[in-house]
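run38.tsv follows (TSV, C-alpha atoms and all ligand atoms):
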chain	number	residue	atom	x	y	z
P	1	MET	CA	0.00	0.00	0.00
P	2	LYS	CA	1.30	3.42	-0.92
P	3	LYS	CA	1.77	5.84	1.95
P	4	ASN	CA	0.33	9.34	1.71
P	5	PHE	CA	3.29	11.71	1.57
P	6	TYR	CA	1.32	14.43	3.40
P	7	GLU	CA	0.82	12.11	6.39
P	8	LEU	CA	4.56	11.95	7.03
P	9	SER	CA	6.63	14.20	9.23
P	10	PHE	CA	10.13	14.92	7.99
P	11	SER	CA	11.66	12.37	10.36
P	12	GLU	CA	9.15	9.68	9.33
P	13	LEU	CA	9.94	10.28	5.67
P	14	GLY	CA	13.65	10.12	6.55
P	15	GLU	CA	13.13	6.72	8.20
P	16	LEU	CA	11.39	5.43	5.11
P	17	THR	CA	14.09	6.65	2.75
P	18	ASP	CA	16.77	5.21	5.07
P	19	GLU	CA	15.00	1.85	5.05
P	20	GLN	CA	15.24	1.90	1.28
P	21	ALA	CA	18.91	2.93	1.52
P	22	LEU	CA	18.20	6.02	-0.58
P	23	PRO	CA	20.62	8.96	-0.66
P	24	LYS	CA	20.47	11.07	2.54
P	25	ALA	CA	19.20	14.18	0.75
P	26	THR	CA	16.08	12.46	-0.64
P	27	ALA	CA	13.74	13.42	2.19
P	28	SER	CA	14.82	17.06	2.20
P	29	MET	CA	14.48	17.31	-1.58
P	30	LEU	CA	10.95	15.91	-1.42
P	31	PHE	CA	9.94	18.23	1.44
P	32	ASN	CA	11.44	21.17	-0.35
P	33	TRP	CA	9.64	20.38	-3.59
P	34	HIS	CA	6.20	19.68	-2.17
P	35	TYR	CA	6.11	22.10	0.77
P	36	LYS	CA	8.49	24.97	0.07
P	37	LYS	CA	7.85	25.06	-3.69
P	38	ASN	CA	4.28	23.76	-3.20
P	39	GLN	CA	4.48	21.54	-6.28
P	40	ARG	CA	1.83	18.91	-6.95
P	41	ALA	CA	3.50	17.01	-9.77
P	42	LEU	CA	6.03	14.35	-8.81
P	43	CYS	CA	9.37	15.72	-7.83
P	44	SER	CA	11.41	16.35	-10.93
P	45	HIS	CA	14.47	17.58	-9.09
P	46	HIS	CA	17.37	16.69	-11.37
P	47	ASN	CA	19.43	15.52	-8.41
P	48	LEU	CA	16.87	12.97	-7.28
P	49	SER	CA	18.45	9.56	-7.79
P	50	LYS	CA	16.88	6.89	-9.96
P	51	SER	CA	16.22	4.71	-6.91
P	52	ALA	CA	14.52	7.64	-5.16
P	53	ARG	CA	12.30	8.25	-8.19
P	54	PHE	CA	11.32	4.60	-8.14
P	55	PHE	CA	10.49	4.83	-4.42
P	56	VAL	CA	8.35	7.96	-4.95
P	57	ASP	CA	6.53	6.33	-7.80
P	58	GLN	CA	5.89	2.99	-6.14
P	59	GLY	CA	5.77	3.82	-2.45
P	60	LEU	CA	4.02	7.17	-2.07
P	61	ASN	CA	0.80	8.80	-3.08
P	62	PHE	CA	0.27	12.53	-3.02
P	63	SER	CA	-3.46	12.85	-2.73
P	64	LEU	CA	-4.87	15.95	-1.08
P	65	PRO	CA	-8.37	17.24	-0.54
P	66	VAL	CA	-9.69	19.65	-3.18
P	67	ILE	CA	-11.14	23.14	-3.17
P	68	HIS	CA	-14.89	22.81	-3.67
P	69	GLN	CA	-15.89	26.48	-3.47
P	70	VAL	CA	-14.24	29.83	-2.85
P	71	HIS	CA	-15.96	32.90	-1.39
P	72	GLU	CA	-14.16	36.23	-1.35
P	73	SER	CA	-15.39	39.13	0.73
P	74	ALA	CA	-14.86	42.82	0.08
P	75	ASP	CA	-12.31	43.03	2.94
P	76	LYS	CA	-10.20	40.39	1.11
P	77	THR	CA	-11.08	37.55	3.47
P	78	VAL	CA	-11.29	34.29	1.56
P	79	LYS	CA	-13.31	31.30	2.68
P	80	PHE	CA	-12.62	27.92	1.09
P	81	LEU	CA	-14.96	25.02	1.24
P	82	ILE	CA	-12.67	22.02	1.07
P	83	ARG	CA	-13.94	18.63	-0.08
P	84	LEU	CA	-12.43	15.56	1.55
P	85	ASP	CA	-12.10	12.07	0.06
P	86	ASP	CA	-15.32	10.85	1.70
P	87	GLU	CA	-17.24	13.88	0.37
P	88	GLN	CA	-17.37	15.54	3.79
P	89	LYS	CA	-16.49	19.22	3.77
P	90	VAL	CA	-14.59	21.61	6.02
P	91	GLU	CA	-13.87	25.30	5.86
P	92	THR	CA	-10.60	27.17	5.81
P	93	VAL	CA	-10.36	30.94	6.04
P	94	LEU	CA	-7.63	33.33	4.92
P	95	ILE	CA	-7.67	36.51	6.96
P	96	PRO	CA	-5.81	39.46	5.46
P	97	PHE	CA	-3.56	41.66	7.55
P	98	GLN	CA	-1.38	44.37	6.02
P	99	GLY	CA	-0.88	42.61	2.72
P	100	LYS	CA	-0.21	39.24	4.33
P	101	TYR	CA	-2.46	36.52	5.64
P	102	THR	CA	-3.30	34.45	8.66
P	103	ILE	CA	-4.82	31.10	7.85
P	104	CYS	CA	-7.50	29.64	10.04
P	105	LEU	CA	-7.46	25.84	9.82
P	106	SER	CA	-10.11	23.27	10.69
P	107	SER	CA	-9.11	20.19	12.66
P	108	GLN	CA	-12.33	18.14	12.63
P	109	VAL	CA	-15.50	17.75	10.60
P	110	GLY	CA	-17.94	19.31	13.07
P	111	CYS	CA	-17.04	19.33	16.75
P	112	ALA	CA	-17.90	17.21	19.78
P	113	MET	CA	-17.80	20.05	22.29
P	114	ASN	CA	-21.23	21.40	21.48
P	115	CYS	CA	-20.70	24.99	22.63
P	116	SER	CA	-24.00	26.83	22.69
P	117	PHE	CA	-22.75	29.90	20.80
P	118	CYS	CA	-20.94	28.11	17.98
P	119	HIS	CA	-22.30	27.21	14.59
P	120	THR	CA	-19.79	24.37	14.21
P	121	GLY	CA	-20.84	22.97	17.60
P	122	ARG	CA	-24.43	22.80	16.32
P	123	GLN	CA	-23.24	20.55	13.53
P	124	GLY	CA	-22.22	17.75	15.93
P	125	PHE	CA	-19.09	15.65	15.53
P	126	GLN	CA	-18.54	13.74	12.30
P	127	ARG	CA	-14.87	12.81	12.40
P	128	HIS	CA	-11.29	13.87	13.04
P	129	LEU	CA	-9.28	15.23	10.14
P	130	MET	CA	-6.15	13.39	9.09
P	131	THR	CA	-2.82	15.16	8.88
P	132	ASN	CA	-2.93	15.39	5.09
P	133	GLU	CA	-6.34	17.05	5.34
P	134	ILE	CA	-4.94	19.66	7.73
P	135	VAL	CA	-1.73	20.48	5.87
P	136	GLY	CA	-3.75	20.20	2.65
P	137	GLN	CA	-5.88	23.19	3.69
P	138	PHE	CA	-2.71	25.28	3.94
P	139	LEU	CA	-1.23	24.07	0.64
P	140	LEU	CA	-4.46	24.58	-1.30
P	141	ALA	CA	-4.98	28.07	0.11
P	142	GLN	CA	-1.35	28.95	-0.63
P	143	GLU	CA	-1.66	27.70	-4.19
P	144	TRP	CA	-4.88	29.68	-4.66
P	145	LEU	CA	-3.22	32.84	-3.34
P	146	SER	CA	-0.18	32.45	-5.56
P	147	THR	CA	-2.47	32.13	-8.58
P	148	HIS	CA	-5.06	34.78	-7.73
P	149	ARG	CA	-3.15	37.31	-5.68
P	150	PRO	CA	0.48	36.86	-6.67
P	151	ASP	CA	1.45	40.26	-5.25
P	152	ASP	CA	0.38	39.46	-1.72
P	153	ASP	CA	0.51	35.73	-1.34
P	154	ARG	CA	2.32	35.26	1.95
P	155	ILE	CA	0.72	33.29	4.77
P	156	LEU	CA	2.57	34.33	7.89
P	157	ASN	CA	0.51	32.84	10.70
P	158	ILE	CA	-1.47	29.71	11.30
P	159	VAL	CA	-4.31	29.57	13.78
P	160	TYR	CA	-6.18	26.36	14.58
P	161	MET	CA	-9.45	28.20	15.04
P	162	GLY	CA	-11.59	26.78	12.28
P	163	GLN	CA	-14.00	23.93	12.77
P	164	GLY	CA	-13.27	21.50	15.55
P	165	GLU	CA	-11.40	21.27	18.83
P	166	PRO	CA	-7.77	20.82	17.78
P	167	LEU	CA	-6.59	19.33	21.07
P	168	HIS	CA	-9.28	16.63	20.76
P	169	ASN	CA	-7.51	15.51	17.56
P	170	PHE	CA	-4.08	15.79	19.08
P	171	ASP	CA	-2.00	13.33	17.05
P	172	ALA	CA	-3.00	14.60	13.62
P	173	VAL	CA	-2.75	18.24	14.71
P	174	LYS	CA	0.67	17.69	16.28
P	175	LYS	CA	2.01	16.07	13.14
P	176	SER	CA	0.66	18.89	10.99
P	177	VAL	CA	2.46	21.35	13.27
P	178	GLU	CA	5.70	19.36	12.91
P	179	ILE	CA	5.34	19.54	9.14
P	180	PHE	CA	4.69	23.31	9.19
P	181	LEU	CA	7.74	23.82	11.40
P	182	SER	CA	10.10	21.72	9.30
P	183	GLN	CA	12.98	23.76	7.97
P	184	HIS	CA	12.93	21.69	4.82
P	185	GLY	CA	9.33	22.65	4.15
P	186	THR	CA	7.16	25.65	4.99
P	187	SER	CA	9.63	26.51	7.76
P	188	LEU	CA	7.27	28.49	10.00
P	189	GLY	CA	8.39	29.53	13.47
P	190	GLU	CA	6.67	28.13	16.56
P	191	ALA	CA	5.61	31.64	17.53
P	192	LYS	CA	3.64	31.90	14.29
P	193	ILE	CA	1.34	29.02	15.15
P	194	THR	CA	-1.53	29.25	17.64
P	195	ILE	CA	-3.76	26.45	18.83
P	196	SER	CA	-7.07	27.50	20.27
P	197	THR	CA	-8.83	25.26	22.77
P	198	SER	CA	-12.13	25.31	24.56
P	199	GLY	CA	-10.31	23.96	27.63
P	200	PHE	CA	-10.03	20.27	26.74
P	201	LEU	CA	-7.66	19.43	29.58
P	202	PRO	CA	-6.27	16.06	28.40
P	203	GLY	CA	-5.17	17.83	25.21
P	204	ILE	CA	-3.70	20.81	27.08
P	205	GLU	CA	-1.66	18.37	29.17
P	206	ARG	CA	-0.26	16.78	26.02
P	207	TRP	CA	0.39	20.21	24.50
P	208	LYS	CA	2.49	21.12	27.52
P	209	ASN	CA	4.64	18.02	27.15
P	210	GLU	CA	4.81	17.71	23.42
P	211	MET	CA	4.66	21.15	21.80
P	212	PRO	CA	4.87	23.80	24.51
P	213	ASN	CA	6.48	26.39	22.26
P	214	VAL	CA	3.48	26.59	20.00
P	215	ASN	CA	1.14	29.38	21.21
P	216	LEU	CA	-1.94	28.45	23.14
P	217	ALA	CA	-5.21	30.37	23.14
P	218	LEU	CA	-7.81	29.42	25.73
P	219	SER	CA	-11.44	30.16	24.99
P	220	LEU	CA	-12.49	31.54	28.34
P	221	HIS	CA	-15.73	33.45	27.66
P	222	SER	CA	-16.60	33.80	31.33
P	223	ALA	CA	-14.76	33.83	34.62
P	224	PHE	CA	-17.86	32.34	36.29
P	225	ASN	CA	-18.30	28.59	36.15
P	226	GLU	CA	-22.12	28.79	35.90
P	227	LYS	CA	-21.94	30.95	32.79
P	228	ARG	CA	-19.06	28.98	31.32
P	229	ASN	CA	-21.02	25.74	31.87
P	230	GLU	CA	-23.82	27.15	29.80
P	231	LEU	CA	-21.50	28.25	27.02
P	232	ILE	CA	-18.98	25.41	26.94
P	233	PRO	CA	-20.49	22.15	28.23
P	234	ILE	CA	-17.07	20.49	28.78
P	235	ASN	CA	-16.49	23.06	31.52
P	236	ARG	CA	-18.51	20.68	33.72
P	237	ARG	CA	-15.87	17.99	33.19
P	238	PHE	CA	-12.86	20.31	33.24
P	239	PRO	CA	-13.89	23.33	35.30
P	240	LEU	CA	-12.24	26.67	34.85
P	241	GLU	CA	-10.14	26.59	38.03
P	242	LYS	CA	-8.61	23.22	37.05
P	243	VAL	CA	-7.79	24.41	33.54
P	244	MET	CA	-6.42	27.73	34.82
P	245	GLU	CA	-4.29	26.09	37.47
P	246	PHE	CA	-2.77	23.82	34.90
P	247	VAL	CA	-2.21	26.53	32.31
P	248	GLU	CA	-0.69	28.94	34.83
P	249	ASN	CA	1.87	26.40	35.94
P	250	ILE	CA	3.27	26.01	32.48
P	251	PRO	CA	6.65	27.74	32.41
P	252	GLN	CA	6.51	30.55	29.86
P	253	GLY	CA	9.43	31.98	27.97
P	254	LYS	CA	10.22	35.65	28.41
P	255	ASN	CA	7.95	37.07	25.76
P	256	ARG	CA	5.35	34.37	25.78
P	257	PHE	CA	1.75	34.93	26.71
P	258	ILE	CA	-1.26	32.73	26.82
P	259	THR	CA	-4.06	34.34	24.85
P	260	TYR	CA	-7.44	34.27	26.55
P	261	GLU	CA	-10.31	34.62	24.15
P	262	TYR	CA	-13.39	36.23	25.55
P	263	LEU	CA	-16.55	36.08	23.50
P	264	LEU	CA	-18.77	39.06	24.27
P	265	ILE	CA	-22.45	38.20	24.22
P	266	LYS	CA	-25.05	40.89	24.66
P	267	ASP	CA	-26.62	41.00	28.14
P	268	PHE	CA	-25.01	37.68	29.05
P	269	ASN	CA	-21.34	38.17	29.86
P	270	ASP	CA	-20.76	41.82	28.93
P	271	GLY	CA	-21.59	43.44	32.28
P	272	PHE	CA	-19.40	45.29	34.76
P	273	GLU	CA	-19.20	42.32	37.16
P	274	ASP	CA	-18.12	40.07	34.25
P	275	ALA	CA	-15.27	42.45	33.41
P	276	GLN	CA	-14.24	42.64	37.07
P	277	ALA	CA	-14.15	38.87	37.45
P	278	LEU	CA	-12.21	38.48	34.20
P	279	GLY	CA	-9.71	41.18	35.20
P	280	GLN	CA	-9.20	39.66	38.64
P	281	LEU	CA	-8.70	36.21	37.18
P	282	LEU	CA	-5.97	37.33	34.78
P	283	GLN	CA	-4.35	40.18	36.67
P	284	GLY	CA	-0.59	39.71	37.07
P	285	LYS	CA	-0.47	36.72	34.73
P	286	LYS	CA	1.38	36.42	31.43
P	287	ALA	CA	-1.89	36.86	29.69
P	288	TYR	CA	-3.27	38.58	26.67
P	289	ILE	CA	-7.01	39.13	26.30
P	290	ASN	CA	-8.69	38.93	22.95
P	291	LEU	CA	-12.26	40.24	23.04
P	292	ILE	CA	-14.44	38.72	20.33
P	293	PRO	CA	-17.86	40.27	19.79
P	294	PHE	CA	-20.33	37.44	19.15
P	295	ASN	CA	-20.92	36.66	15.48
P	296	PRO	CA	-24.53	35.72	14.89
P	297	PHE	CA	-25.60	32.87	12.62
P	298	PRO	CA	-29.02	31.60	11.55
P	299	GLY	CA	-30.88	30.19	14.55
P	300	SER	CA	-28.51	31.54	17.22
P	301	HIS	CA	-30.29	32.88	20.28
P	302	TYR	CA	-27.47	35.13	21.46
P	303	GLY	CA	-26.93	38.73	20.41
P	304	ARG	CA	-23.90	40.84	19.59
P	305	PRO	CA	-23.23	43.82	21.86
P	306	ALA	CA	-23.08	47.28	20.31
P	307	PHE	CA	-19.61	48.59	19.52
P	308	GLU	CA	-19.80	51.16	22.37
P	309	LYS	CA	-20.58	48.36	24.80
P	310	VAL	CA	-17.52	46.42	23.63
P	311	MET	CA	-15.37	49.51	24.17
P	312	GLU	CA	-16.88	50.07	27.61
P	313	PHE	CA	-16.07	46.48	28.56
P	314	LYS	CA	-12.51	47.02	27.37
P	315	CYS	CA	-12.31	50.18	29.47
P	316	TRP	CA	-13.46	48.35	32.61
P	317	LEU	CA	-10.71	45.81	32.04
P	318	GLU	CA	-7.93	48.30	31.49
P	319	LYS	CA	-7.19	48.93	35.15
P	320	PHE	CA	-6.08	45.31	35.55
P	321	GLN	CA	-3.19	46.01	33.19
P	322	VAL	CA	-3.53	42.96	31.04
P	323	PRO	CA	-2.98	43.69	27.33
P	324	ILE	CA	-6.27	43.59	25.41
P	325	THR	CA	-7.21	43.56	21.75
P	326	VAL	CA	-10.65	43.60	20.25
P	327	ARG	CA	-10.93	41.24	17.34
P	328	THR	CA	-12.29	43.04	14.35
P	329	THR	CA	-14.75	40.96	12.50
P	330	LYS	CA	-13.60	39.93	9.08
P	331	GLY	CA	-15.50	37.98	6.50
P	332	ASP	CA	-18.86	37.96	8.25
P	333	GLU	CA	-20.72	38.82	5.04
P	334	ILE	CA	-19.60	35.42	3.71
P	335	MET	CA	-20.14	33.66	7.05
P	336	ALA	CA	-16.41	33.18	7.48
P	337	ALA	CA	-16.03	34.89	10.84
P	338	CYS	CA	-15.26	33.07	14.10
P	339	GLY	CA	-17.94	30.58	14.99
P	340	GLN	CA	-19.87	30.96	11.75
P	341	LEU	CA	-18.34	27.94	10.07
P	342	ASN	CA	-20.76	25.12	9.42
P	343	THR	CA	-20.52	22.61	6.62
P	344	SER	CA	-23.67	20.62	7.29
P	345	ILE	CA	-25.90	23.04	5.38
I	1	LIG	N1	-12.47	24.73	19.24
I	1	LIG	C1	-11.51	25.72	19.49
I	1	LIG	C2	-11.09	26.44	18.24
I	1	LIG	C3	-12.15	26.77	17.22
I	1	LIG	S1	-13.30	28.01	17.65
I	1	LIG	C4	-12.02	26.71	20.54
I	1	LIG	O1	-13.20	26.64	20.86
I	1	LIG	O2	-11.22	27.48	21.05
I	1	LIG	C5	-12.31	29.47	17.52
I	1	LIG	C6	-12.79	30.63	18.33
I	1	LIG	O3	-14.04	31.13	17.81
I	1	LIG	C7	-13.04	30.27	19.78
I	1	LIG	O4	-12.52	31.22	20.67
I	1	LIG	C8	-14.54	30.26	19.84
I	1	LIG	O5	-15.01	30.45	21.14
I	1	LIG	C9	-14.90	31.39	18.90
I	1	LIG	N2	-16.29	31.36	18.48
I	1	LIG	C10	-17.11	30.29	18.35
I	1	LIG	N3	-18.35	30.68	17.99
I	1	LIG	C11	-18.32	32.03	17.87
I	1	LIG	C12	-19.28	33.02	17.48
I	1	LIG	N4	-20.52	32.68	17.13
I	1	LIG	N5	-18.87	34.30	17.48
I	1	LIG	C13	-17.60	34.65	17.78
I	1	LIG	N6	-16.66	33.76	18.13
I	1	LIG	C14	-17.00	32.46	18.18
I	2	LIG	FE1	-16.02	23.23	19.07
I	2	LIG	FE2	-14.65	25.48	19.50
I	2	LIG	FE3	-17.12	25.54	18.41
I	2	LIG	FE4	-16.82	24.90	20.97
I	2	LIG	S1	-16.30	26.88	20.02
I	2	LIG	S2	-18.13	23.84	19.49
I	2	LIG	S3	-14.92	23.76	20.92
I	2	LIG	S4	-15.30	24.63	17.50
Any chance you could put this one into structure tokens?
Ligand code: SAH
Ligand code: SF4
Amino acid sequence: MKKNFYELSFSELGELTDEQALPKATASMLFNWHYKKNQRALCSHHNLSKSARFFVDQGLNFSLPVIHQVHESADKTVKFLIRLDDEQKVETVLIPFQGKYTICLSSQVGCAMNCSFCHTGRQGFQRHLMTNEIVGQFLLAQEWLSTHRPDDDRILNIVYMGQGEPLHNFDAVKKSVEIFLSQHGTSLGEAKITISTSGFLPGIERWKNEMPNVNLALSLHSAFNEKRNELIPINRRFPLEKVMEFVENIPQGKNRFITYEYLLIKDFNDGFEDAQALGQLLQGKKAYINLIPFNPFPGSHYGRPAFEKVMEFKCWLEKFQVPITVRTTKGDEIMAACGQLNTSI
């Protein structure tokens, strides 16, 4: 059986080429060709030995998911609907920032966490994505950019904030991160990759041991357990204080912060006491707060606070001296903003 090239980390590919006694440079040439140069055709590098060509031809397949649909919004956000081998679909979003892009990757078809404010959560859990389906999202989006926007085609950051709970699909996500980091391939820095979690503690524990230098964002949304239980049902299994205690005890490098995402929902968690509790929880920690005004979707029963309300909330928080940003909504006219991704409709 042929192995899918895009399922292999650089070291796994190296083991395979060693087993076949191929020249040492084979793995790096293949990574360079398919990841750095983003080529789909078989590697035609003139230095690739005859035996290596035979191995590529007989031992590997290079299948990737395909782009099913593309939606572009006026603010240059691009949403891709990606079709997988079994006809399931996931979404990938390119978010523009000063002529460059952040890519928002999906890690599962649907999501098992069932958060009450999330369109993906409403979809239920279908399955985990495989590594090739995760790195494939990046490669397809990169290829599309190079073709359609050759003047600004650089993807500088990766966020695992699309559909799914990335730490619930740890192995495939971890391998995709290893591939993105490989110096022979896309060669991204660890600081350029952020994994967002709803607080799935078993996954956070593995993150700490296995890829602690990749940024972590914790979806907090309320400093009160009762409210968080309503928003994120797994908070009942892994309550806030347990998750916080664990996260806080992770040694952080000098300039490293944990990002805390705080979804602002009108008349639910946008009051003065909510800001106080949030500020007190994060005061003095190596934290960074990202306020996300709720993005509505068909059938959602929550509302989005007015812009002035968001600014007032930010003001209340300022005295706690934790850095804060307000996430500007991009791509909402094409339902590509946070929490609007749903591929079951
Ligand atoms: N499952 C992970 C990552 C995907 S969701 C997580 O929950 O962290 C990415 C971010 O979008 C999370 O912070 C999530 O809380 C937020 N989000 C989900 N639904 C949203 C909505 N309707 N409006 C705004 N943000 C939303
Ligand atoms: Fe899953 Fe994140 Fe949506 Fe919750 S917010 S349902 S964890 S994708």
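With distances restricted to all atoms listed in the file, P:Arg206 is the closest residue to Asp171 in chain P from P:His184, P:Lys3, P:Arg206, P:Lys309.
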>> Counting all atoms listed in the file, which residues have an atom no more than 7 Å from (2.1, 31.6, 13.6) in the file's coordinates? Please list them as a list in words.
In response: Leu156, Asn157, Ile158, Val159, Gly189, Glu190, Ala191, Lys192, Ile193 and Thr194 of chain P
Selection above as a file: C-alpha atoms, as a PDB file, in the frame of the given file:
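Just written: out16.pdb:
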ATOM      1  CA  LEU P 156       2.570  34.330   7.890  1.00  0.00           C
ATOM      2  CA  ASN P 157       0.510  32.840  10.700  1.00  0.00           C
ATOM      3  CA  ILE P 158      -1.470  29.710  11.300  1.00  0.00           C
ATOM      4  CA  VAL P 159      -4.310  29.570  13.780  1.00  0.00           C
ATOM      5  CA  GLY P 189       8.390  29.530  13.470  1.00  0.00           C
ATOM      6  CA  GLU P 190       6.670  28.130  16.560  1.00  0.00           C
ATOM      7  CA  ALA P 191       5.610  31.640  17.530  1.00  0.00           C
ATOM      8  CA  LYS P 192       3.640  31.900  14.290  1.00  0.00           C
ATOM      9  CA  ILE P 193       1.340  29.020  15.150  1.00  0.00           C
ATOM     10  CA  THR P 194      -1.530  29.250  17.640  1.00  0.00           C
TER      11      THR P 194
END
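Distances to ligand LIG 1 (chain I) were evaluated for P:Ser11, P:Thr120, P:Ser146, P:Asn132 using all atoms listed in the file, and the minimum falls at P:Thr120.
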Kindly compute an axis-aligned box around the listed atoms of ligand LIG 1 (chain I), allowing 4 Å on each side, and express its centre and edge lengths in Å to one decimal as AutoDock Vina command-line options.
--center_x -15.8 --center_y 29.7 --center_z 19.1 --size_x 17.4 --size_y 17.9 --size_z 12.0
Protein and nucleic residues near ligand LIG 1 (chain I), 8 Å, all atoms listed in the file, as a CSV table (one decimal) with C-alpha atoms, keeping the file's coordinate frame:
chain,number,residue,atom,x,y,z
P,106,SER,CA,-10.1,23.3,10.7
P,111,CYS,CA,-17.0,19.3,16.8
P,113,MET,CA,-17.8,20.0,22.3
P,115,CYS,CA,-20.7,25.0,22.6
P,117,PHE,CA,-22.8,29.9,20.8
P,118,CYS,CA,-20.9,28.1,18.0
P,119,HIS,CA,-22.3,27.2,14.6
P,120,THR,CA,-19.8,24.4,14.2
P,160,TYR,CA,-6.2,26.4,14.6
P,161,MET,CA,-9.4,28.2,15.0
P,162,GLY,CA,-11.6,26.8,12.3
P,163,GLN,CA,-14.0,23.9,12.8
P,164,GLY,CA,-13.3,21.5,15.6
P,165,GLU,CA,-11.4,21.3,18.8
P,166,PRO,CA,-7.8,20.8,17.8
P,195,ILE,CA,-3.8,26.4,18.8
P,196,SER,CA,-7.1,27.5,20.3
P,197,THR,CA,-8.8,25.3,22.8
P,198,SER,CA,-12.1,25.3,24.6
P,199,GLY,CA,-10.3,24.0,27.6
P,217,ALA,CA,-5.2,30.4,23.1
P,218,LEU,CA,-7.8,29.4,25.7
P,219,SER,CA,-11.4,30.2,25.0
P,220,LEU,CA,-12.5,31.5,28.3
P,221,HIS,CA,-15.7,33.4,27.7
P,261,GLU,CA,-10.3,34.6,24.2
P,262,TYR,CA,-13.4,36.2,25.6
P,263,LEU,CA,-16.6,36.1,23.5
P,264,LEU,CA,-18.8,39.1,24.3
P,292,ILE,CA,-14.4,38.7,20.3
P,293,PRO,CA,-17.9,40.3,19.8
P,294,PHE,CA,-20.3,37.4,19.2
P,295,ASN,CA,-20.9,36.7,15.5
P,296,PRO,CA,-24.5,35.7,14.9
P,297,PHE,CA,-25.6,32.9,12.6
P,337,ALA,CA,-16.0,34.9,10.8
P,338,CYS,CA,-15.3,33.1,14.1
P,339,GLY,CA,-17.9,30.6,15.0
P,340,GLN,CA,-19.9,31.0,11.8
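Once Gln69 in chain P and its same-chain neighbours fewer than 6 positions away are set aside, Lys79, Phe80, Leu81, Ile82, Arg83 and Glu91 of chain P remain within 10 Å of it when counting only C-alpha atoms.
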Pull C-alpha atoms from the residues just selected and write them as a PDB file, in the coordinates of the input.
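Output file selection.pdb is given in full below:
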ATOM      1  CA  LYS P  79     -13.310  31.300   2.680  1.00  0.00           C
ATOM      2  CA  PHE P  80     -12.620  27.920   1.090  1.00  0.00           C
ATOM      3  CA  LEU P  81     -14.960  25.020   1.240  1.00  0.00           C
ATOM      4  CA  ILE P  82     -12.670  22.020   1.070  1.00  0.00           C
ATOM      5  CA  ARG P  83     -13.940  18.630  -0.080  1.00  0.00           C
ATOM      6  CA  GLU P  91     -13.870  25.300   5.860  1.00  0.00           C
TER       7      GLU P  91
END
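Each of P:Glu248, P:Asp274, P:Glu230, P:Glu7 was compared to ligand LIG 2 (chain I) using all atoms listed in the file, and P:Glu230 turns out to be the nearest.
For the set P:Val243, P:Val109, P:Ile155, P:Val214, the residue with the smallest atom-to-atom gap to ligand LIG 2 (chain I) is P:Val109, counting only C-alpha atoms and all ligand atoms.
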Non-local contacts of Leu22 in chain P (10 Å; all atoms listed in the file; under 2 positions in same chain excluded) as a PDB file with C-alpha atoms, in the frame of the given file:
ATOM      1  CA  GLY P  14      13.650  10.120   6.550  1.00  0.00           C
ATOM      2  CA  LEU P  16      11.390   5.430   5.110  1.00  0.00           C
ATOM      3  CA  THR P  17      14.090   6.650   2.750  1.00  0.00           C
ATOM      4  CA  ASP P  18      16.770   5.210   5.070  1.00  0.00           C
ATOM      5  CA  GLU P  19      15.000   1.850   5.050  1.00  0.00           C
ATOM      6  CA  GLN P  20      15.240   1.900   1.280  1.00  0.00           C
ATOM      7  CA  LYS P  24      20.470  11.070   2.540  1.00  0.00           C
ATOM      8  CA  ALA P  25      19.200  14.180   0.750  1.00  0.00           C
ATOM      9  CA  THR P  26      16.080  12.460  -0.640  1.00  0.00           C
ATOM     10  CA  ALA P  27      13.740  13.420   2.190  1.00  0.00           C
ATOM     11  CA  LEU P  48      16.870  12.970  -7.280  1.00  0.00           C
ATOM     12  CA  SER P  49      18.450   9.560  -7.790  1.00  0.00           C
ATOM     13  CA  LYS P  50      16.880   6.890  -9.960  1.00  0.00           C
ATOM     14  CA  SER P  51      16.220   4.710  -6.910  1.00  0.00           C
ATOM     15  CA  ALA P  52      14.520   7.640  -5.160  1.00  0.00           C
ATOM     16  CA  ARG P  53      12.300   8.250  -8.190  1.00  0.00           C
ATOM     17  CA  PHE P  55      10.490   4.830  -4.420  1.00  0.00           C
TER      18      PHE P  55
END
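Distance annotation: of P:Ser222, P:Asn169, P:Thr259, P:Thr328, the residue with the minimal separation from Val310 in chain P is P:Thr328; atom set is only C-alpha atoms.
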Which neighbours of Phe138 in chain P fall inside 9 Å, counting all atoms listed in the file, when residues of the same chain fewer than 3 positions from it are skipped, and could you give them as a compact mmCIF listing (two decimals) with C-alpha atoms, in the coordinates of the input?
# COMPACT_ATOMS: atom_id res chain seq x y z
CA THR P 92 -10.60 27.17 5.81
CA ILE P 103 -4.82 31.10 7.85
CA CYS P 104 -7.50 29.64 10.04
CA LEU P 105 -7.46 25.84 9.82
CA ILE P 134 -4.94 19.66 7.73
CA VAL P 135 -1.73 20.48 5.87
CA ALA P 141 -4.98 28.07 0.11
CA GLN P 142 -1.35 28.95 -0.63
CA GLU P 143 -1.66 27.70 -4.19
CA ILE P 155 0.72 33.29 4.77
CA ILE P 158 -1.47 29.71 11.30
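The residue that comes closest to Pro305 in chain P, out of P:Ile289, P:Val247, P:Ile265, P:Ala223 and on the basis of all atoms listed in the file, is P:Ile265.
The two atoms in question, CA of Ser9 in chain P and CA of Ile179 in chain P, are spaced 5.5 Å apart.
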> Any idea what's packed within 10 Å of Arg256 in chain P, counting only C-alpha atoms, ignoring anything in its chain fewer than 3 positions away? Could you give it as a ChimeraX atom specification?
Replying inline: /P:191,213-216,251-253,259,286-288
> Could you work out how far CA of Phe54 in chain P lies from CA of Leu42 in chain P, giving the answer in Å with one decimal?
Replying inline: 11.1 Å
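Those residues positioned at most 9 Å from (-0.4, 42.6, -1.4) are Gln98, Gly99, Lys100, Arg149, Pro150, Asp151, Asp152, Asp153 and Arg154 of chain P, judged using all atoms listed in the file.
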